[in-house]
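Pasting query.cif here (mmCIF, N, CA, C and O atoms):
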data_my_file
loop_
_atom_site.label_atom_id
_atom_site.label_comp_id
_atom_site.auth_asym_id
_atom_site.auth_seq_id
_atom_site.Cartn_x
_atom_site.Cartn_y
_atom_site.Cartn_z
N MET A 1 0.83 -1.18 0.00
CA MET A 1 0.00 0.00 0.00
C MET A 1 0.88 1.25 0.00
O MET A 1 1.81 1.36 0.78
N SER A 2 0.60 2.17 -0.87
CA SER A 2 1.37 3.40 -0.98
C SER A 2 0.76 4.48 -0.10
O SER A 2 -0.44 4.71 -0.12
N HIS A 3 1.60 5.12 0.70
CA HIS A 3 1.14 6.21 1.56
C HIS A 3 1.67 7.53 1.01
O HIS A 3 2.80 7.61 0.53
N ARG A 4 0.85 8.56 1.12
CA ARG A 4 1.27 9.89 0.67
C ARG A 4 2.23 10.49 1.69
O ARG A 4 2.17 10.21 2.88
N LEU A 5 3.08 11.37 1.21
CA LEU A 5 4.01 12.09 2.07
C LEU A 5 3.31 13.31 2.65
O LEU A 5 2.65 14.05 1.94
N LEU A 6 3.45 13.51 3.95
CA LEU A 6 2.88 14.68 4.62
C LEU A 6 4.02 15.49 5.22
O LEU A 6 4.80 14.97 6.02
N TRP A 7 4.12 16.75 4.82
CA TRP A 7 5.12 17.66 5.36
C TRP A 7 4.46 18.48 6.45
O TRP A 7 3.61 19.31 6.17
N ILE A 8 4.81 18.23 7.69
CA ILE A 8 4.33 19.03 8.82
C ILE A 8 5.27 20.22 8.89
O ILE A 8 6.37 20.14 9.42
N ARG A 9 4.85 21.32 8.26
CA ARG A 9 5.72 22.45 7.91
C ARG A 9 5.80 23.53 8.99
O ARG A 9 4.79 23.95 9.54
N ASP A 10 7.01 23.97 9.28
CA ASP A 10 7.31 25.13 10.13
C ASP A 10 6.52 25.14 11.45
O ASP A 10 5.78 26.09 11.72
N PRO A 11 6.69 24.11 12.29
CA PRO A 11 5.94 24.07 13.55
C PRO A 11 6.38 25.19 14.50
O PRO A 11 7.52 25.66 14.44
N LEU A 12 5.47 25.57 15.37
CA LEU A 12 5.76 26.57 16.41
C LEU A 12 6.90 26.06 17.30
O LEU A 12 7.77 26.81 17.69
N GLY A 13 6.90 24.77 17.58
CA GLY A 13 7.96 24.12 18.34
C GLY A 13 8.07 22.67 17.93
O GLY A 13 7.10 22.06 17.50
N ILE A 14 9.30 22.13 18.04
CA ILE A 14 9.50 20.73 17.69
C ILE A 14 10.64 20.18 18.54
O ILE A 14 11.63 20.87 18.78
N LEU A 15 10.48 18.95 19.02
CA LEU A 15 11.49 18.32 19.86
C LEU A 15 12.37 17.41 19.01
O LEU A 15 12.38 16.20 19.16
N ALA A 16 13.09 18.02 18.07
CA ALA A 16 14.02 17.28 17.20
C ALA A 16 15.11 18.25 16.75
O ALA A 16 14.82 19.40 16.42
N ASP A 17 16.34 17.80 16.76
CA ASP A 17 17.45 18.62 16.30
C ASP A 17 17.37 18.84 14.80
O ASP A 17 17.03 17.92 14.05
N ASP A 18 17.69 20.04 14.36
CA ASP A 18 17.75 20.38 12.93
C ASP A 18 16.45 20.09 12.20
O ASP A 18 16.46 19.61 11.07
N ALA A 19 15.32 20.38 12.84
CA ALA A 19 14.03 20.15 12.18
C ALA A 19 13.12 21.36 12.34
O ALA A 19 11.90 21.22 12.42
N GLY A 20 13.70 22.56 12.34
CA GLY A 20 12.91 23.78 12.49
C GLY A 20 11.93 23.99 11.35
O GLY A 20 10.93 24.68 11.49
N GLY A 21 12.21 23.39 10.19
CA GLY A 21 11.32 23.50 9.04
C GLY A 21 10.25 22.42 9.03
O GLY A 21 9.38 22.41 8.17
N GLY A 22 10.32 21.50 10.00
CA GLY A 22 9.30 20.47 10.12
C GLY A 22 9.82 19.08 9.83
O GLY A 22 11.03 18.83 9.79
N ILE A 23 8.88 18.18 9.63
CA ILE A 23 9.20 16.79 9.33
C ILE A 23 8.31 16.30 8.19
O ILE A 23 7.23 16.83 7.97
N VAL A 24 8.80 15.30 7.50
CA VAL A 24 8.02 14.64 6.46
C VAL A 24 7.68 13.24 6.97
O VAL A 24 8.56 12.50 7.41
N VAL A 25 6.40 12.91 6.90
CA VAL A 25 5.90 11.64 7.44
C VAL A 25 5.25 10.84 6.32
O VAL A 25 4.56 11.40 5.47
N ARG A 26 5.46 9.53 6.35
CA ARG A 26 4.78 8.62 5.42
C ARG A 26 4.31 7.42 6.23
O ARG A 26 5.11 6.73 6.86
N GLY A 27 3.01 7.18 6.20
CA GLY A 27 2.45 6.02 6.88
C GLY A 27 2.77 5.95 8.36
O GLY A 27 3.02 4.89 8.90
N GLY A 28 2.82 7.10 9.04
CA GLY A 28 3.07 7.11 10.48
C GLY A 28 4.54 7.07 10.86
O GLY A 28 4.87 7.01 12.04
N ARG A 29 5.44 7.11 9.89
CA ARG A 29 6.88 7.10 10.17
C ARG A 29 7.54 8.35 9.61
O ARG A 29 7.21 8.81 8.53
N ILE A 30 8.49 8.87 10.38
CA ILE A 30 9.23 10.05 9.94
C ILE A 30 10.19 9.64 8.83
O ILE A 30 11.01 8.76 9.01
N GLU A 31 10.08 10.30 7.69
CA GLU A 31 10.94 10.03 6.54
C GLU A 31 12.11 11.01 6.46
O GLU A 31 13.18 10.65 6.00
N GLU A 32 11.85 12.26 6.88
CA GLU A 32 12.87 13.29 6.69
C GLU A 32 12.68 14.42 7.71
O GLU A 32 11.56 14.79 8.01
N LEU A 33 13.80 14.94 8.21
CA LEU A 33 13.79 16.14 9.05
C LEU A 33 14.14 17.32 8.14
O LEU A 33 15.10 17.24 7.37
N ILE A 34 13.39 18.39 8.25
CA ILE A 34 13.60 19.55 7.38
C ILE A 34 14.20 20.68 8.22
O ILE A 34 13.60 21.12 9.19
N PRO A 35 15.38 21.18 7.85
CA PRO A 35 15.97 22.30 8.59
C PRO A 35 15.16 23.58 8.37
O PRO A 35 14.42 23.68 7.38
N ALA A 36 15.30 24.54 9.27
CA ALA A 36 14.60 25.82 9.14
C ALA A 36 14.91 26.43 7.78
O ALA A 36 16.06 26.46 7.34
N GLY A 37 13.88 26.86 7.07
CA GLY A 37 14.03 27.45 5.75
C GLY A 37 14.17 26.44 4.62
O GLY A 37 14.22 26.83 3.46
N GLY A 38 14.20 25.15 4.96
CA GLY A 38 14.37 24.11 3.95
C GLY A 38 13.06 23.61 3.38
O GLY A 38 11.98 24.01 3.81
N LYS A 39 13.18 22.73 2.41
CA LYS A 39 12.02 22.08 1.78
C LYS A 39 12.32 20.59 1.67
O LYS A 39 13.47 20.19 1.61
N PRO A 40 11.27 19.76 1.63
CA PRO A 40 11.48 18.31 1.49
C PRO A 40 12.18 17.96 0.18
O PRO A 40 12.07 18.67 -0.82
N SER A 41 12.90 16.85 0.21
CA SER A 41 13.57 16.38 -1.02
C SER A 41 12.54 15.88 -2.03
O SER A 41 12.78 15.91 -3.22
N ALA A 42 11.39 15.43 -1.55
CA ALA A 42 10.31 14.97 -2.43
C ALA A 42 9.36 16.14 -2.71
O ALA A 42 8.71 16.64 -1.80
N PRO A 43 9.26 16.59 -3.94
CA PRO A 43 8.43 17.75 -4.25
C PRO A 43 6.92 17.48 -4.14
O PRO A 43 6.14 18.42 -4.11
N ASP A 44 6.52 16.22 -4.06
CA ASP A 44 5.09 15.90 -4.02
C ASP A 44 4.52 15.79 -2.61
O ASP A 44 3.38 15.38 -2.43
N ALA A 45 5.30 16.16 -1.58
CA ALA A 45 4.80 16.08 -0.20
C ALA A 45 3.69 17.12 0.01
O ALA A 45 3.83 18.28 -0.37
N VAL A 46 2.58 16.68 0.59
CA VAL A 46 1.47 17.57 0.90
C VAL A 46 1.82 18.33 2.17
O VAL A 46 2.18 17.72 3.18
N ALA A 47 1.72 19.67 2.13
CA ALA A 47 2.13 20.50 3.27
C ALA A 47 0.97 20.78 4.21
O ALA A 47 -0.15 21.07 3.79
N PHE A 48 1.25 20.67 5.51
CA PHE A 48 0.32 21.08 6.57
C PHE A 48 1.01 22.19 7.34
O PHE A 48 2.10 21.98 7.88
N ASP A 49 0.42 23.38 7.37
CA ASP A 49 1.02 24.51 8.07
C ASP A 49 0.86 24.30 9.58
O ASP A 49 -0.23 24.38 10.12
N ALA A 50 1.98 24.02 10.25
CA ALA A 50 1.97 23.74 11.69
C ALA A 50 2.45 24.94 12.50
O ALA A 50 2.92 24.79 13.62
N GLY A 51 2.32 26.14 11.95
CA GLY A 51 2.79 27.35 12.60
C GLY A 51 2.16 27.64 13.95
O GLY A 51 2.70 28.40 14.74
N GLU A 52 1.02 27.02 14.22
CA GLU A 52 0.35 27.21 15.52
C GLU A 52 0.33 25.92 16.33
O GLU A 52 -0.47 25.78 17.25
N HIS A 53 1.23 24.99 15.99
CA HIS A 53 1.24 23.69 16.64
C HIS A 53 2.64 23.32 17.12
O HIS A 53 3.63 23.77 16.56
N VAL A 54 2.69 22.49 18.15
CA VAL A 54 3.95 21.96 18.67
C VAL A 54 4.00 20.48 18.30
O VAL A 54 3.04 19.75 18.53
N VAL A 55 5.11 20.06 17.71
CA VAL A 55 5.27 18.65 17.31
C VAL A 55 5.99 17.93 18.44
O VAL A 55 7.10 18.28 18.81
N LEU A 56 5.33 16.92 18.99
CA LEU A 56 5.88 16.11 20.07
C LEU A 56 5.99 14.67 19.61
O LEU A 56 5.20 14.21 18.78
N PRO A 57 6.94 13.92 20.19
CA PRO A 57 7.00 12.49 19.85
C PRO A 57 5.77 11.77 20.40
O PRO A 57 5.07 12.30 21.27
N GLY A 58 5.52 10.59 19.89
CA GLY A 58 4.42 9.79 20.42
C GLY A 58 4.62 9.57 21.91
O GLY A 58 5.72 9.23 22.35
N LEU A 59 3.61 9.80 22.68
CA LEU A 59 3.74 9.71 24.14
C LEU A 59 2.93 8.54 24.68
O LEU A 59 1.84 8.25 24.21
N ILE A 60 3.47 7.91 25.69
CA ILE A 60 2.78 6.84 26.39
C ILE A 60 2.42 7.36 27.78
O ILE A 60 3.18 8.08 28.40
N ASN A 61 1.26 6.99 28.28
CA ASN A 61 0.83 7.41 29.62
C ASN A 61 0.79 8.93 29.72
O ASN A 61 1.30 9.52 30.67
N THR A 62 0.18 9.58 28.75
CA THR A 62 0.20 11.05 28.70
C THR A 62 -0.56 11.69 29.85
O THR A 62 -0.29 12.83 30.20
N HIS A 63 -1.50 10.99 30.45
CA HIS A 63 -2.24 11.60 31.56
C HIS A 63 -1.31 11.95 32.71
O HIS A 63 -1.58 12.83 33.50
N HIS A 64 -0.18 11.28 32.81
CA HIS A 64 0.74 11.50 33.92
C HIS A 64 1.98 12.28 33.52
O HIS A 64 2.47 13.09 34.29
N HIS A 65 2.49 12.06 32.33
CA HIS A 65 3.80 12.61 31.96
C HIS A 65 3.77 13.76 30.97
O HIS A 65 4.80 14.35 30.69
N PHE A 66 2.62 14.12 30.44
CA PHE A 66 2.57 15.15 29.41
C PHE A 66 3.18 16.47 29.87
O PHE A 66 3.99 17.06 29.18
N TYR A 67 2.81 16.94 31.04
CA TYR A 67 3.33 18.24 31.50
C TYR A 67 4.85 18.20 31.65
O TYR A 67 5.52 19.21 31.45
N GLN A 68 5.42 17.06 32.01
CA GLN A 68 6.87 16.97 32.19
C GLN A 68 7.61 17.15 30.86
O GLN A 68 8.71 17.68 30.83
N THR A 69 7.00 16.75 29.76
CA THR A 69 7.63 16.91 28.45
C THR A 69 7.80 18.38 28.13
O THR A 69 8.81 18.79 27.57
N LEU A 70 6.83 19.19 28.48
CA LEU A 70 6.88 20.61 28.15
C LEU A 70 7.70 21.43 29.15
O LEU A 70 8.14 22.52 28.83
N THR A 71 7.92 20.92 30.35
CA THR A 71 8.63 21.70 31.37
C THR A 71 10.01 21.16 31.71
O THR A 71 10.71 21.73 32.53
N ARG A 72 10.42 20.12 31.09
CA ARG A 72 11.69 19.46 31.41
C ARG A 72 12.88 20.41 31.30
O ARG A 72 13.81 20.34 32.09
N ALA A 73 12.89 21.29 30.35
CA ALA A 73 14.06 22.14 30.11
C ALA A 73 13.92 23.54 30.74
O ALA A 73 14.71 24.41 30.47
N THR A 74 12.92 23.73 31.57
CA THR A 74 12.75 25.05 32.19
C THR A 74 13.41 25.10 33.55
O THR A 74 13.53 24.10 34.24
N LYS A 75 13.85 26.29 33.92
CA LYS A 75 14.51 26.48 35.20
C LYS A 75 13.46 26.43 36.32
O LYS A 75 12.41 27.07 36.21
N PRO A 76 13.73 25.68 37.39
CA PRO A 76 12.76 25.60 38.49
C PRO A 76 12.56 26.97 39.14
O PRO A 76 13.48 27.77 39.22
N ARG A 77 11.35 27.21 39.59
CA ARG A 77 11.04 28.46 40.28
C ARG A 77 10.78 28.14 41.74
O ARG A 77 10.23 27.11 42.08
N SER A 78 11.13 29.06 42.60
CA SER A 78 10.93 28.88 44.03
C SER A 78 9.96 29.91 44.55
O SER A 78 10.00 31.07 44.16
N THR A 79 9.08 29.47 45.45
CA THR A 79 8.15 30.38 46.09
C THR A 79 8.76 31.02 47.32
O THR A 79 8.19 31.93 47.89
N GLY A 80 9.92 30.51 47.74
CA GLY A 80 10.55 31.01 48.95
C GLY A 80 10.02 30.35 50.21
O GLY A 80 10.50 30.63 51.30
N ARG A 81 9.05 29.46 50.07
CA ARG A 81 8.50 28.76 51.23
C ARG A 81 9.13 27.39 51.36
O ARG A 81 9.44 26.76 50.37
N CYS A 82 9.26 26.94 52.57
CA CYS A 82 9.73 25.58 52.82
C CYS A 82 8.57 24.64 52.58
O CYS A 82 7.49 24.81 53.14
N LEU A 83 8.77 23.65 51.74
CA LEU A 83 7.70 22.72 51.41
C LEU A 83 7.73 21.46 52.27
O LEU A 83 6.82 20.66 52.22
N ALA A 84 8.80 21.28 53.03
CA ALA A 84 8.92 20.12 53.91
C ALA A 84 8.50 20.51 55.32
O ALA A 84 9.15 21.30 55.97
N GLY A 85 7.36 19.93 55.75
CA GLY A 85 6.76 20.10 57.05
C GLY A 85 7.43 20.99 57.97
O GLY A 85 7.52 21.44 58.95
#

This structure in structure tokens:
Amino acid sequence: MSHRLLWIRDPLGILADDAGGGIVVRGGRIEELIPAGGKPSAPDAVAFDAGEHVVLPGLINTHHHFYQTLTRATKPRSTGRCLAG
């Protein structure tokens, strides 16, 4: 079965190195990472404008870990209160 190429173009954010221009997907698998300002090597890829979307890897148990994916690289903030009894 032949799957069409989908270019998830210029996402607001993406958790992949050198993929600021998005990713190209075929049949649920990433075929190509597109650098910022780049275009897919396949000219027939259908483009989806992801300028208002964040591209995340497939997540397991998202009810528990989703927030950690988005905050993992942020600096912790302190309220100045002792949290231990």

Can you pull out the residues contacting Arg26 in chain A? Cut-off 5 Å, using only N, CA, C and O atoms, and skip same-chain residues under 5 positions away; I want them as a CSV table (one decimal) with N, CA, C and O atoms, in the coordinates of the input.
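Once written, selection-v5.csv looks like this:
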chain,number,residue,atom,x,y,z
A,4,ARG,N,0.8,8.6,1.1
A,4,ARG,CA,1.3,9.9,0.7
A,4,ARG,C,2.2,10.5,1.7
A,4,ARG,O,2.2,10.2,2.9
A,5,LEU,N,3.1,11.4,1.2
A,5,LEU,CA,4.0,12.1,2.1
A,5,LEU,C,3.3,13.3,2.6
A,5,LEU,O,2.6,14.0,1.9
A,31,GLU,N,10.1,10.3,7.7
A,31,GLU,CA,10.9,10.0,6.5
A,31,GLU,C,12.1,11.0,6.5
A,31,GLU,O,13.2,10.6,6.0

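Once the PyMOL selection byres ((chain A and resi 22) around 4.5) is applied to this file, the selection holds Ile8, Asp10, Ala19, Gly20, Gly21, Ile23, Glu32, Leu33 and Ile34 of chain A.
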
Now that the selection is made, can you save its residues with N, CA, C and O atoms as a short mmCIF file (atom, residue, chain, number, x, y, z; two decimals), in the frame of the given file?
data_model
loop_
_atom_site.label_atom_id
_atom_site.label_comp_id
_atom_site.auth_asym_id
_atom_site.auth_seq_id
_atom_site.Cartn_x
_atom_site.Cartn_y
_atom_site.Cartn_z
N ILE A 8 4.81 18.23 7.69
CA ILE A 8 4.33 19.03 8.82
C ILE A 8 5.27 20.22 8.89
O ILE A 8 6.37 20.14 9.42
N ASP A 10 7.01 23.97 9.28
CA ASP A 10 7.31 25.13 10.13
C ASP A 10 6.52 25.14 11.45
O ASP A 10 5.78 26.09 11.72
N ALA A 19 15.32 20.38 12.84
CA ALA A 19 14.03 20.15 12.18
C ALA A 19 13.12 21.36 12.34
O ALA A 19 11.90 21.22 12.42
N GLY A 20 13.70 22.56 12.34
CA GLY A 20 12.91 23.78 12.49
C GLY A 20 11.93 23.99 11.35
O GLY A 20 10.93 24.68 11.49
N GLY A 21 12.21 23.39 10.19
CA GLY A 21 11.32 23.50 9.04
C GLY A 21 10.25 22.42 9.03
O GLY A 21 9.38 22.41 8.17
N ILE A 23 8.88 18.18 9.63
CA ILE A 23 9.20 16.79 9.33
C ILE A 23 8.31 16.30 8.19
O ILE A 23 7.23 16.83 7.97
N GLU A 32 11.85 12.26 6.88
CA GLU A 32 12.87 13.29 6.69
C GLU A 32 12.68 14.42 7.71
O GLU A 32 11.56 14.79 8.01
N LEU A 33 13.80 14.94 8.21
CA LEU A 33 13.79 16.14 9.05
C LEU A 33 14.14 17.32 8.14
O LEU A 33 15.10 17.24 7.37
N ILE A 34 13.39 18.39 8.25
CA ILE A 34 13.60 19.55 7.38
C ILE A 34 14.20 20.68 8.22
O ILE A 34 13.60 21.12 9.19
#

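The spacing separating CA of Asp18 in chain A from CA of Gly38 in chain A amounts to 10.3 Å.
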
How far is it from atom O of Leu12 in chain A to atom C of Pro43 in chain A, in Å with one decimal?
-> 23.8 Å

Given the PyMOL selection byres ((chain A and resi 47) around 7) and the file above, list the residues it selects as a tab-separated table (two decimals) with N, CA, C and O atoms, in the coordinates of the input.
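Written file, expr.tsv:
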chain	number	residue	atom	x	y	z
A	5	LEU	N	3.08	11.37	1.21
A	5	LEU	CA	4.01	12.09	2.07
A	5	LEU	C	3.31	13.31	2.65
A	5	LEU	O	2.65	14.05	1.94
A	6	LEU	N	3.45	13.51	3.95
A	6	LEU	CA	2.88	14.68	4.62
A	6	LEU	C	4.02	15.49	5.22
A	6	LEU	O	4.80	14.97	6.02
A	7	TRP	N	4.12	16.75	4.82
A	7	TRP	CA	5.12	17.66	5.36
A	7	TRP	C	4.46	18.48	6.45
A	7	TRP	O	3.61	19.31	6.17
A	8	ILE	N	4.81	18.23	7.69
A	8	ILE	CA	4.33	19.03	8.82
A	8	ILE	C	5.27	20.22	8.89
A	8	ILE	O	6.37	20.14	9.42
A	9	ARG	N	4.85	21.32	8.26
A	9	ARG	CA	5.72	22.45	7.91
A	9	ARG	C	5.80	23.53	8.99
A	9	ARG	O	4.79	23.95	9.54
A	44	ASP	N	6.52	16.22	-4.06
A	44	ASP	CA	5.09	15.90	-4.02
A	44	ASP	C	4.52	15.79	-2.61
A	44	ASP	O	3.38	15.38	-2.43
A	45	ALA	N	5.30	16.16	-1.58
A	45	ALA	CA	4.80	16.08	-0.20
A	45	ALA	C	3.69	17.12	0.01
A	45	ALA	O	3.83	18.28	-0.37
A	46	VAL	N	2.58	16.68	0.59
A	46	VAL	CA	1.47	17.57	0.90
A	46	VAL	C	1.82	18.33	2.17
A	46	VAL	O	2.18	17.72	3.18
A	48	PHE	N	1.25	20.67	5.51
A	48	PHE	CA	0.32	21.08	6.57
A	48	PHE	C	1.01	22.19	7.34
A	48	PHE	O	2.10	21.98	7.88
A	49	ASP	N	0.42	23.38	7.37
A	49	ASP	CA	1.02	24.51	8.07
A	49	ASP	C	0.86	24.30	9.58
A	49	ASP	O	-0.23	24.38	10.12
A	50	ALA	N	1.98	24.02	10.25
A	50	ALA	CA	1.97	23.74	11.69
A	50	ALA	C	2.45	24.94	12.50
A	50	ALA	O	2.92	24.79	13.62

Some atoms are missing, so please complete range 8-19 of chain A with all heavy atoms and return it as a JSON list (two decimals), in the coordinates of the input.
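The resulting file, rebuild.json, is reproduced below:
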[["chain", "number", "residue", "atom", "x", "y", "z"],
["A", 8, "ILE", "N", 4.81, 18.23, 7.69],
["A", 8, "ILE", "CA", 4.33, 19.03, 8.82],
["A", 8, "ILE", "C", 5.27, 20.22, 8.89],
["A", 8, "ILE", "O", 6.37, 20.14, 9.42],
["A", 8, "ILE", "CB", 4.30, 18.20, 10.12],
["A", 8, "ILE", "CG1", 3.42, 16.98, 9.91],
["A", 8, "ILE", "CG2", 3.82, 19.05, 11.29],
["A", 8, "ILE", "CD1", 3.42, 15.99, 11.06],
["A", 9, "ARG", "N", 4.85, 21.32, 8.26],
["A", 9, "ARG", "CA", 5.72, 22.45, 7.91],
["A", 9, "ARG", "C", 5.80, 23.53, 8.99],
["A", 9, "ARG", "O", 4.79, 23.95, 9.54],
["A", 9, "ARG", "CB", 5.21, 23.07, 6.61],
["A", 9, "ARG", "CG", 6.10, 24.14, 6.04],
["A", 9, "ARG", "CD", 5.49, 24.79, 4.83],
["A", 9, "ARG", "NE", 4.42, 25.66, 5.28],
["A", 9, "ARG", "CZ", 3.32, 25.91, 4.59],
["A", 9, "ARG", "NH1", 3.12, 25.37, 3.42],
["A", 9, "ARG", "NH2", 2.41, 26.71, 5.08],
["A", 10, "ASP", "N", 7.01, 23.97, 9.28],
["A", 10, "ASP", "CA", 7.31, 25.13, 10.13],
["A", 10, "ASP", "C", 6.52, 25.14, 11.45],
["A", 10, "ASP", "O", 5.78, 26.09, 11.72],
["A", 10, "ASP", "CB", 7.05, 26.43, 9.36],
["A", 10, "ASP", "CG", 7.91, 26.54, 8.12],
["A", 10, "ASP", "OD1", 9.07, 26.07, 8.16],
["A", 10, "ASP", "OD2", 7.44, 27.10, 7.12],
["A", 11, "PRO", "N", 6.69, 24.11, 12.29],
["A", 11, "PRO", "CA", 5.94, 24.07, 13.55],
["A", 11, "PRO", "C", 6.38, 25.19, 14.50],
["A", 11, "PRO", "O", 7.52, 25.66, 14.44],
["A", 11, "PRO", "CB", 6.28, 22.70, 14.13],
["A", 11, "PRO", "CG", 7.60, 22.35, 13.53],
["A", 11, "PRO", "CD", 7.60, 22.97, 12.17],
["A", 12, "LEU", "N", 5.47, 25.57, 15.37],
["A", 12, "LEU", "CA", 5.76, 26.57, 16.41],
["A", 12, "LEU", "C", 6.90, 26.06, 17.30],
["A", 12, "LEU", "O", 7.77, 26.81, 17.69],
["A", 12, "LEU", "CB", 4.50, 26.81, 17.24],
["A", 12, "LEU", "CG", 4.59, 27.78, 18.39],
["A", 12, "LEU", "CD1", 4.91, 29.18, 17.88],
["A", 12, "LEU", "CD2", 3.29, 27.79, 19.17],
["A", 13, "GLY", "N", 6.90, 24.77, 17.58],
["A", 13, "GLY", "CA", 7.96, 24.12, 18.34],
["A", 13, "GLY", "C", 8.07, 22.67, 17.93],
["A", 13, "GLY", "O", 7.10, 22.06, 17.50],
["A", 14, "ILE", "N", 9.30, 22.13, 18.04],
["A", 14, "ILE", "CA", 9.50, 20.73, 17.69],
["A", 14, "ILE", "C", 10.64, 20.18, 18.54],
["A", 14, "ILE", "O", 11.63, 20.87, 18.78],
["A", 14, "ILE", "CB", 9.80, 20.55, 16.18],
["A", 14, "ILE", "CG1", 9.84, 19.07, 15.81],
["A", 14, "ILE", "CG2", 11.05, 21.28, 15.76],
["A", 14, "ILE", "CD1", 9.74, 18.81, 14.32],
["A", 15, "LEU", "N", 10.48, 18.95, 19.02],
["A", 15, "LEU", "CA", 11.49, 18.32, 19.86],
["A", 15, "LEU", "C", 12.37, 17.41, 19.01],
["A", 15, "LEU", "O", 12.38, 16.20, 19.16],
["A", 15, "LEU", "CB", 10.83, 17.53, 20.98],
["A", 15, "LEU", "CG", 10.02, 18.36, 21.97],
["A", 15, "LEU", "CD1", 9.29, 17.46, 22.95],
["A", 15, "LEU", "CD2", 10.90, 19.33, 22.71],
["A", 16, "ALA", "N", 13.09, 18.02, 18.07],
["A", 16, "ALA", "CA", 14.02, 17.28, 17.20],
["A", 16, "ALA", "C", 15.11, 18.25, 16.75],
["A", 16, "ALA", "O", 14.82, 19.40, 16.42],
["A", 16, "ALA", "CB", 13.28, 16.71, 16.00],
["A", 17, "ASP", "N", 16.34, 17.80, 16.76],
["A", 17, "ASP", "CA", 17.45, 18.62, 16.30],
["A", 17, "ASP", "C", 17.37, 18.84, 14.80],
["A", 17, "ASP", "O", 17.03, 17.92, 14.05],
["A", 17, "ASP", "CB", 18.79, 17.96, 16.64],
["A", 17, "ASP", "CG", 19.05, 17.89, 18.14],
["A", 17, "ASP", "OD1", 18.49, 18.74, 18.87],
["A", 17, "ASP", "OD2", 19.79, 17.01, 18.58],
["A", 18, "ASP", "N", 17.69, 20.04, 14.36],
["A", 18, "ASP", "CA", 17.75, 20.38, 12.93],
["A", 18, "ASP", "C", 16.45, 20.09, 12.20],
["A", 18, "ASP", "O", 16.46, 19.61, 11.07],
["A", 18, "ASP", "CB", 18.90, 19.64, 12.24],
["A", 18, "ASP", "CG", 20.26, 20.02, 12.81],
["A", 18, "ASP", "OD1", 20.43, 21.21, 13.17],
["A", 18, "ASP", "OD2", 21.12, 19.15, 12.92],
["A", 19, "ALA", "N", 15.32, 20.38, 12.84],
["A", 19, "ALA", "CA", 14.03, 20.15, 12.18],
["A", 19, "ALA", "C", 13.12, 21.36, 12.34],
["A", 19, "ALA", "O", 11.90, 21.22, 12.42],
["A", 19, "ALA", "CB", 13.37, 18.89, 12.75]]
